[in-house]
>>> print(open('input_25.csv').read())   # CSV, C-alpha atoms and all ligand atoms
chain,number,residue,atom,x,y,z
A,1,MET,CA,39.2,148.9,264.7
A,2,SER,CA,40.3,150.8,267.8
A,3,ASP,CA,40.8,154.5,267.7
A,4,PHE,CA,43.4,154.4,270.4
A,5,ILE,CA,46.9,155.5,269.4
A,6,PHE,CA,48.4,152.3,270.9
A,7,PRO,CA,46.8,149.2,272.4
A,8,LEU,CA,46.5,148.5,276.2
A,9,SER,CA,45.6,145.1,277.7
A,10,GLN,CA,42.6,144.7,279.8
A,11,PRO,CA,43.5,143.3,283.3
A,12,GLY,CA,41.5,140.2,284.1
A,13,ILE,CA,41.1,137.3,286.6
A,14,GLY,CA,40.6,133.6,285.8
A,15,ILE,CA,37.3,131.9,286.6
A,16,VAL,CA,37.2,128.4,288.1
A,17,GLY,CA,35.6,126.0,285.6
A,18,SER,CA,35.7,128.4,282.7
A,19,LYS,CA,38.1,129.5,279.9
A,20,MET,CA,36.7,133.0,280.1
A,21,ARG,CA,38.2,135.7,282.3
A,22,PHE,CA,36.7,138.3,284.5
A,23,PRO,CA,37.6,141.8,283.3
A,24,VAL,CA,38.7,144.2,286.1
A,25,ARG,CA,37.5,147.8,286.2
A,26,ARG,CA,38.5,149.0,289.7
A,27,VAL,CA,40.3,147.4,292.6
A,28,TRP,CA,39.0,148.6,296.0
A,29,CYS,CA,40.3,147.6,299.4
A,30,VAL,CA,38.9,147.9,302.9
A,31,GLY,CA,41.2,148.8,305.8
A,32,ARG,CA,40.7,147.7,309.4
A,33,ASN,CA,37.9,145.2,309.1
A,34,TYR,CA,38.8,142.6,311.7
A,35,LEU,CA,39.0,143.7,315.3
A,36,ALA,CA,42.1,141.8,316.3
A,37,HIS,CA,44.0,143.2,313.3
A,38,VAL,CA,42.8,146.8,314.2
A,39,ARG,CA,44.2,146.1,317.7
A,40,GLU,CA,47.5,144.6,316.6
A,41,LEU,CA,48.3,147.8,314.5
A,42,GLY,CA,47.2,150.0,317.4
A,43,ASN,CA,44.4,151.7,315.6
A,44,ASP,CA,41.1,153.1,316.9
A,45,GLU,CA,38.6,150.2,316.9
A,46,ARG,CA,35.5,152.5,316.9
A,47,GLU,CA,36.4,154.1,313.5
A,48,LEU,CA,34.5,153.4,310.3
A,49,PRO,CA,36.3,151.3,307.8
A,50,LEU,CA,38.3,153.1,305.2
A,51,PHE,CA,38.5,152.5,301.5
A,52,PHE,CA,41.6,152.8,299.4
A,53,SER,CA,42.3,151.5,295.9
A,54,LYS,CA,45.0,149.8,293.9
A,55,GLN,CA,45.2,149.9,290.1
A,56,PRO,CA,43.9,146.9,288.0
A,57,ASP,CA,47.3,146.3,286.5
A,58,MET,CA,48.8,145.8,290.0
A,59,LEU,CA,46.9,142.5,290.2
A,60,VAL,CA,49.0,139.3,289.9
A,61,PRO,CA,46.3,136.8,288.7
A,62,GLY,CA,47.0,133.2,289.7
A,63,GLY,CA,49.9,134.2,291.9
A,64,GLY,CA,53.4,132.8,291.1
A,65,ALA,CA,56.7,134.7,291.7
A,66,ILE,CA,56.6,138.4,292.6
A,67,ARG,CA,59.4,140.8,293.2
A,68,TYR,CA,60.4,142.1,296.6
A,69,PRO,CA,59.4,145.8,296.0
A,70,SER,CA,61.5,148.9,296.2
A,71,LEU,CA,61.3,151.5,299.1
A,72,THR,CA,60.6,149.0,301.9
A,73,LYS,CA,62.4,146.9,304.5
A,74,ASN,CA,59.2,145.7,306.1
A,75,TYR,CA,57.1,144.0,303.3
A,76,HIS,CA,53.9,142.5,304.8
A,77,PHE,CA,51.3,140.0,303.7
A,78,GLU,CA,47.6,140.5,304.3
A,79,VAL,CA,45.3,137.6,303.3
A,80,GLU,CA,41.8,138.8,302.3
A,81,LEU,CA,38.5,137.6,300.9
A,82,VAL,CA,38.0,139.3,297.5
A,83,VAL,CA,34.5,140.0,296.1
A,84,ALA,CA,33.9,140.5,292.4
A,85,LEU,CA,30.9,142.4,291.2
A,86,LYS,CA,28.8,141.6,288.1
A,87,ALA,CA,26.7,144.7,288.5
A,88,GLY,CA,26.9,148.0,290.4
A,89,GLY,CA,25.0,151.1,291.3
A,90,GLU,CA,25.0,154.1,293.7
A,91,ASN,CA,23.6,154.0,297.3
A,92,VAL,CA,23.0,150.3,297.2
A,93,ALA,CA,20.9,149.1,300.1
A,94,VAL,CA,22.5,146.4,302.3
A,95,ALA,CA,19.7,144.0,301.5
A,96,ASP,CA,20.3,144.4,297.7
A,97,ALA,CA,24.1,144.1,297.8
A,98,ASP,CA,24.4,140.3,297.5
A,99,ALA,CA,22.6,140.3,294.1
A,100,LEU,CA,25.6,142.3,292.7
A,101,ILE,CA,28.2,139.6,293.5
A,102,PHE,CA,29.6,137.5,290.7
A,103,GLY,CA,32.0,135.4,292.8
A,104,HIS,CA,34.8,135.3,295.3
A,105,ALA,CA,38.6,134.8,295.3
A,106,VAL,CA,41.5,134.7,297.7
A,107,GLY,CA,43.7,137.8,297.5
A,108,LEU,CA,46.8,139.3,299.1
A,109,ASP,CA,46.9,143.0,300.0
A,110,MET,CA,50.7,143.3,300.0
A,111,THR,CA,51.8,146.3,302.0
A,112,ARG,CA,55.0,148.3,302.6
A,113,ARG,CA,54.3,148.5,306.4
A,114,ASP,CA,57.2,150.8,307.1
A,115,ILE,CA,56.0,153.3,304.5
A,116,GLN,CA,52.4,153.0,305.8
A,117,LYS,CA,53.6,153.9,309.4
A,118,GLN,CA,55.6,156.8,308.1
A,119,MET,CA,52.7,158.2,306.1
A,120,GLN,CA,50.3,157.8,309.0
A,121,GLU,CA,52.6,159.6,311.4
A,122,LYS,CA,52.8,162.5,308.9
A,123,GLY,CA,49.1,162.5,308.1
A,124,ARG,CA,49.8,161.7,304.5
A,125,PRO,CA,47.9,159.4,302.1
A,126,TRP,CA,48.7,155.6,302.0
A,127,GLU,CA,49.3,155.4,298.3
A,128,ALA,CA,53.0,154.5,298.4
A,129,ALA,CA,52.3,151.8,301.1
A,130,LYS,CA,49.5,150.0,299.3
A,131,SER,CA,49.5,150.8,295.6
A,132,PHE,CA,52.5,149.6,293.7
A,133,ASP,CA,53.5,147.0,291.1
A,134,GLN,CA,52.4,143.4,291.9
A,135,SER,CA,50.8,144.5,295.2
A,136,ALA,CA,47.6,142.5,294.7
A,137,PRO,CA,48.1,138.8,293.9
A,138,ILE,CA,44.7,137.1,293.4
A,139,GLY,CA,43.5,133.6,292.9
A,140,PRO,CA,40.9,132.5,290.3
A,141,LEU,CA,37.3,133.6,291.0
A,142,THR,CA,34.8,131.0,292.1
A,143,PRO,CA,31.4,132.0,290.8
A,144,PHE,CA,28.9,131.9,293.6
A,145,PRO,CA,25.4,133.1,293.8
A,146,GLY,CA,25.2,135.7,296.5
A,147,LEU,CA,27.2,135.7,299.7
A,148,LEU,CA,29.9,133.2,300.5
A,149,PRO,CA,29.0,131.5,303.8
A,150,PRO,CA,31.4,132.3,306.8
A,151,SER,CA,34.7,130.5,305.9
A,152,ARG,CA,38.0,129.8,307.5
A,153,ILE,CA,40.7,132.2,306.1
A,154,ARG,CA,44.4,131.3,306.5
A,155,LEU,CA,47.9,132.3,305.4
A,156,SER,CA,51.1,130.3,305.8
A,157,VAL,CA,54.7,131.3,305.1
A,158,ASN,CA,57.0,128.4,304.3
A,159,GLY,CA,54.4,126.0,305.8
A,160,VAL,CA,54.0,127.9,309.1
A,161,VAL,CA,50.5,129.3,309.7
A,162,LYS,CA,50.6,133.0,310.4
A,163,GLN,CA,47.0,134.1,309.9
A,164,ASP,CA,44.1,131.8,310.8
A,165,ALA,CA,40.6,133.3,311.3
A,166,ASP,CA,37.1,133.2,310.0
A,167,THR,CA,35.4,135.7,307.6
A,168,ALA,CA,32.5,135.8,310.1
A,169,GLN,CA,34.8,137.9,312.3
A,170,MET,CA,34.6,140.9,309.9
A,171,ILE,CA,33.5,144.1,311.6
A,172,TRP,CA,31.6,145.2,308.4
A,173,SER,CA,30.0,142.4,306.4
A,174,VAL,CA,30.3,142.1,302.6
A,175,PRO,CA,26.9,143.6,302.0
A,176,GLU,CA,27.6,146.5,304.4
A,177,ILE,CA,31.0,147.1,302.6
A,178,ILE,CA,29.3,147.2,299.2
A,179,SER,CA,26.6,149.5,300.5
A,180,GLN,CA,29.0,151.9,302.1
A,181,LEU,CA,31.4,152.0,299.1
A,182,SER,CA,28.5,152.7,296.8
A,183,ARG,CA,27.9,155.9,298.7
A,184,GLN,CA,31.5,157.0,298.0
A,185,VAL,CA,31.6,156.0,294.3
A,186,SER,CA,29.4,154.4,291.7
A,187,LEU,CA,30.1,150.7,291.6
A,188,SER,CA,30.0,148.8,288.3
A,189,ALA,CA,30.4,145.3,286.9
A,190,GLY,CA,34.2,144.5,286.9
A,191,ASP,CA,34.8,146.2,290.3
A,192,ILE,CA,36.5,144.0,292.9
A,193,ILE,CA,36.8,144.6,296.6
A,194,PHE,CA,39.5,143.3,299.0
A,195,THR,CA,37.5,143.0,302.3
A,196,GLY,CA,40.3,143.4,304.9
A,197,THR,CA,42.7,141.1,306.7
A,198,PRO,CA,42.5,139.3,310.1
A,199,GLU,CA,45.2,139.5,312.7
A,200,GLY,CA,48.7,137.9,312.3
A,201,VAL,CA,50.1,140.1,309.5
A,202,GLY,CA,53.9,140.0,309.2
A,203,PRO,CA,56.9,140.5,307.1
A,204,VAL,CA,58.3,138.3,304.3
A,205,VAL,CA,61.8,138.0,302.8
A,206,ARG,CA,63.1,136.9,299.5
A,207,GLY,CA,62.6,133.2,298.9
A,208,ASP,CA,59.5,133.0,301.1
A,209,ARG,CA,56.6,130.8,299.9
A,210,LEU,CA,53.2,132.1,300.8
A,211,LEU,CA,50.0,130.0,300.7
A,212,ALA,CA,46.7,131.9,301.1
A,213,GLU,CA,43.5,129.9,301.6
A,214,ILE,CA,39.8,130.4,302.2
A,215,ASP,CA,37.6,127.3,302.5
A,216,GLY,CA,35.5,126.7,299.4
A,217,LEU,CA,37.8,128.8,297.1
A,218,GLU,CA,40.9,128.1,295.1
A,219,PRO,CA,44.1,128.6,297.1
A,220,LEU,CA,46.7,131.2,296.1
A,221,ALA,CA,50.4,130.5,296.2
A,222,ILE,CA,53.2,133.1,295.7
A,223,THR,CA,56.9,133.2,296.0
A,224,ILE,CA,58.9,136.3,296.9
A,225,ALA,CA,61.7,136.5,294.3
B,301,MN,MN,44.3,145.0,303.7
>>> encode(input="input_25.csv", output="structure tokens")
Amino acid sequence: MSDFIFPLSQPGIGIVGSKMRFPVRRVWCVGRNYLAHVRELGNDERELPLFFSKQPDMLVPGGGAIRYPSLTKNYHFEVELVVALKAGGENVAVADADALIFGHAVGLDMTRRDIQKQMQEKGRPWEAAKSFDQSAPIGPLTPFPGLLPPSRIRLSVNGVVKQDADTAQMIWSVPEIISQLSRQVSLSAGDIIFTGTPEGVGPVVRGDRLLAEIDGLEPLAITIA
């Protein structure tokens, strides 16, 4: 029996080829990890990547219909490779990082771009721009031993390709991301990391159908309701 005064559900993600789900502890995201995207937003390309987080219950596992959120008139998609960890640690060496990986999925770091710009201009945190209900649709995890090989990453809206790049174009590789993040916080099994988006981000409107794809992984489809 639980000693909690009321029950809460554990957020989780489906696993390809299994009836089991992956339990999510923390959701981390990397900003500015593809050069062409850093340039399209007018940011400093020599900066270190920055980490921010979303809450596990903001995930939309398997995609489907999501609401157009409040507070924005410029709601953007960002297709990203997501890495899920089966183990963690502090100060993980780059060479040891791939042993922590359980698998990979396609994710969308949905963003209130107008709020993000306002917050940046005022020197305020990104929270309201990035961390809100249904802001992190994610496809099922494909278990994969170690690193996913460089793969084509694409996003289309209503059948029109908007983002088309390769994960090899990341500024900071997945092992480097894991290593750096493990200096900021202790990582643990159940943590997932959105690894940044390539160029071509843009707005969506109600009724849009988004298809996010990374070669070798299950695609993710969402509709803006
Ligand atoms: Mn992002």
>>> residues_around(input="input_25.csv", residues="Arg67 of chain A", least_positions_apart="3", cutoff="9 Å", atoms="all atoms listed in the file", output="JSON, numbers by chain")
{"A": [70, 133, 134, 206, 223, 224, 225]}
>>> closest_residue(input="input_25.csv", among="A:Arg154, A:Lys86, A:Lys122, A:His37", to="ligand MN 301 (chain B)", atoms="all atoms listed in the file")
A:His37
>>> residues_near_ligand(input="input_25.csv", ligand="ligand MN 301 (chain B)", cutoff="8 Å", atoms="only C-alpha atoms and all ligand atoms", output="JSON, numbers by chain")
{"A": [29, 30, 31, 32, 78, 79, 80, 108, 109, 110, 111, 194, 195, 196, 197]}
>>> write_last_selection(input="input_25.csv", atoms="C-alpha atoms", output="PDB file, in the coordinates of the input")
ATOM      1  CA  CYS A  29      40.300 147.600 299.400  1.00  0.00           C
ATOM      2  CA  VAL A  30      38.900 147.900 302.900  1.00  0.00           C
ATOM      3  CA  GLY A  31      41.200 148.800 305.800  1.00  0.00           C
ATOM      4  CA  ARG A  32      40.700 147.700 309.400  1.00  0.00           C
ATOM      5  CA  GLU A  78      47.600 140.500 304.300  1.00  0.00           C
ATOM      6  CA  VAL A  79      45.300 137.600 303.300  1.00  0.00           C
ATOM      7  CA  GLU A  80      41.800 138.800 302.300  1.00  0.00           C
ATOM      8  CA  LEU A 108      46.800 139.300 299.100  1.00  0.00           C
ATOM      9  CA  ASP A 109      46.900 143.000 300.000  1.00  0.00           C
ATOM     10  CA  MET A 110      50.700 143.300 300.000  1.00  0.00           C
ATOM     11  CA  THR A 111      51.800 146.300 302.000  1.00  0.00           C
ATOM     12  CA  PHE A 194      39.500 143.300 299.000  1.00  0.00           C
ATOM     13  CA  THR A 195      37.500 143.000 302.300  1.00  0.00           C
ATOM     14  CA  GLY A 196      40.300 143.400 304.900  1.00  0.00           C
ATOM     15  CA  THR A 197      42.700 141.100 306.700  1.00  0.00           C
TER      16      THR A 197
END
>>> closest_residue(input="input_25.csv", among="A:Pro198, A:Pro7, A:Pro203, A:Pro219", to="Leu35 of chain A", atoms="all atoms listed in the file")
A:Pro198
>>> atom_distance(input="input_25.csv", atom1="atom CA of Glu213 of chain A", atom2="atom CA of Gln163 of chain A")
9.9 Å
>>> residues_around(input="input_25.csv", residues="Leu155 of chain A", least_positions_apart="5", cutoff="9 Å", atoms="only C-alpha atoms", output="list in words")
Phe77, Glu78, Val79, Val160, Val161, Lys162, Gln163, Asp164, Gly200, Leu210, Leu211, Ala212, Glu213 and Ile214 of chain A
>>> atom_distance(input="input_25.csv", atom1="atom CA of Ala65 of chain A", atom2="atom CA of Glu199 of chain A")
24.4 Å
>>> atom_distance(input="input_25.csv", atom1="atom CA of Ala87 of chain A", atom2="atom CA of Val174 of chain A")
14.8 Å
>>> decode(input="input_25.csv", residues="segment 166-181 of chain A", atoms="all heavy atoms", output="compact mmCIF listing (two decimals), in the first residue's frame")
# COMPACT_ATOMS: atom_id res chain seq x y z
N ASP A 166 20.59 16.35 -40.69
CA ASP A 166 21.18 15.09 -40.26
C ASP A 166 21.68 15.27 -38.83
O ASP A 166 22.25 16.32 -38.51
CB ASP A 166 22.34 14.70 -41.18
CG ASP A 166 22.75 13.24 -40.99
OD1 ASP A 166 23.38 12.92 -39.96
OD2 ASP A 166 22.42 12.42 -41.85
N THR A 167 21.46 14.26 -38.01
CA THR A 167 21.89 14.38 -36.61
C THR A 167 23.42 14.53 -36.50
O THR A 167 23.92 14.97 -35.47
CB THR A 167 21.44 13.18 -35.77
OG1 THR A 167 21.98 11.98 -36.33
CG2 THR A 167 19.91 13.06 -35.75
N ALA A 168 24.14 14.18 -37.56
CA ALA A 168 25.60 14.37 -37.56
C ALA A 168 25.96 15.85 -37.51
O ALA A 168 27.11 16.20 -37.22
CB ALA A 168 26.21 13.73 -38.80
N GLN A 169 24.99 16.74 -37.79
CA GLN A 169 25.26 18.18 -37.80
C GLN A 169 25.16 18.82 -36.42
O GLN A 169 25.31 20.03 -36.29
CB GLN A 169 24.29 18.89 -38.77
CG GLN A 169 24.50 18.47 -40.22
CD GLN A 169 23.34 18.88 -41.13
OE1 GLN A 169 22.23 19.09 -40.69
NE2 GLN A 169 23.63 18.96 -42.42
N MET A 170 24.91 18.01 -35.39
CA MET A 170 24.88 18.57 -34.04
C MET A 170 26.22 19.21 -33.69
O MET A 170 27.28 18.67 -34.02
CB MET A 170 24.60 17.47 -33.01
CG MET A 170 23.19 16.97 -32.98
SD MET A 170 23.03 15.74 -31.64
CE MET A 170 21.39 15.15 -32.00
N ILE A 171 26.17 20.35 -33.01
CA ILE A 171 27.39 20.99 -32.53
C ILE A 171 28.00 20.14 -31.42
O ILE A 171 29.20 19.85 -31.41
CB ILE A 171 27.09 22.42 -32.01
CG1 ILE A 171 26.54 23.29 -33.15
CG2 ILE A 171 28.35 23.03 -31.39
CD1 ILE A 171 25.99 24.64 -32.68
N TRP A 172 27.17 19.75 -30.46
CA TRP A 172 27.59 18.89 -29.34
C TRP A 172 26.98 17.52 -29.56
O TRP A 172 25.77 17.38 -29.69
CB TRP A 172 27.12 19.49 -28.00
CG TRP A 172 27.69 20.85 -27.78
CD1 TRP A 172 27.12 22.04 -28.11
CD2 TRP A 172 28.97 21.18 -27.24
NE1 TRP A 172 27.96 23.09 -27.80
CE2 TRP A 172 29.11 22.58 -27.26
CE3 TRP A 172 30.02 20.41 -26.73
CZ2 TRP A 172 30.25 23.23 -26.79
CZ3 TRP A 172 31.16 21.06 -26.27
CH2 TRP A 172 31.26 22.45 -26.30
N SER A 173 27.82 16.49 -29.59
CA SER A 173 27.35 15.13 -29.81
C SER A 173 26.56 14.64 -28.60
O SER A 173 26.66 15.21 -27.51
CB SER A 173 28.53 14.20 -30.06
OG SER A 173 29.28 14.05 -28.86
N VAL A 174 25.83 13.54 -28.78
CA VAL A 174 25.06 12.96 -27.67
C VAL A 174 25.96 12.63 -26.47
O VAL A 174 25.64 13.00 -25.33
CB VAL A 174 24.24 11.75 -28.15
CG1 VAL A 174 23.71 10.94 -26.98
CG2 VAL A 174 23.10 12.22 -29.05
N PRO A 175 27.12 11.97 -26.66
CA PRO A 175 27.98 11.72 -25.48
C PRO A 175 28.45 13.01 -24.82
O PRO A 175 28.55 13.07 -23.58
CB PRO A 175 29.16 10.93 -26.07
CG PRO A 175 28.63 10.32 -27.32
CD PRO A 175 27.63 11.28 -27.86
N GLU A 176 28.75 14.04 -25.60
CA GLU A 176 29.17 15.32 -25.02
C GLU A 176 28.03 15.97 -24.24
O GLU A 176 28.25 16.56 -23.18
CB GLU A 176 29.67 16.26 -26.13
CG GLU A 176 31.01 15.85 -26.70
CD GLU A 176 31.41 16.63 -27.95
OE1 GLU A 176 30.51 17.15 -28.66
OE2 GLU A 176 32.61 16.71 -28.22
N ILE A 177 26.81 15.86 -24.76
CA ILE A 177 25.64 16.41 -24.06
C ILE A 177 25.45 15.71 -22.71
O ILE A 177 25.28 16.35 -21.67
CB ILE A 177 24.37 16.23 -24.93
CG1 ILE A 177 24.41 17.17 -26.13
CG2 ILE A 177 23.11 16.45 -24.10
CD1 ILE A 177 23.36 16.84 -27.19
N ILE A 178 25.49 14.36 -22.73
CA ILE A 178 25.31 13.60 -21.49
C ILE A 178 26.40 13.97 -20.49
O ILE A 178 26.13 14.20 -19.31
CB ILE A 178 25.32 12.08 -21.80
CG1 ILE A 178 24.07 11.69 -22.60
CG2 ILE A 178 25.42 11.26 -20.50
CD1 ILE A 178 24.09 10.27 -23.15
N SER A 179 27.63 14.04 -20.97
CA SER A 179 28.76 14.37 -20.09
C SER A 179 28.59 15.76 -19.47
O SER A 179 28.74 15.95 -18.26
CB SER A 179 30.06 14.27 -20.88
OG SER A 179 31.15 14.64 -20.08
N GLN A 180 28.25 16.74 -20.31
CA GLN A 180 28.10 18.12 -19.80
C GLN A 180 26.93 18.23 -18.82
O GLN A 180 27.04 18.88 -17.78
CB GLN A 180 27.86 19.08 -20.95
CG GLN A 180 29.11 19.36 -21.74
CD GLN A 180 28.99 20.64 -22.56
OE1 GLN A 180 28.37 21.61 -22.12
NE2 GLN A 180 29.57 20.63 -23.73
N LEU A 181 25.79 17.61 -19.18
CA LEU A 181 24.62 17.70 -18.29
C LEU A 181 24.91 17.04 -16.95
O LEU A 181 24.42 17.51 -15.90
CB LEU A 181 23.41 17.07 -18.98
CG LEU A 181 22.07 17.14 -18.24
CD1 LEU A 181 21.68 18.59 -17.90
CD2 LEU A 181 20.96 16.48 -19.06
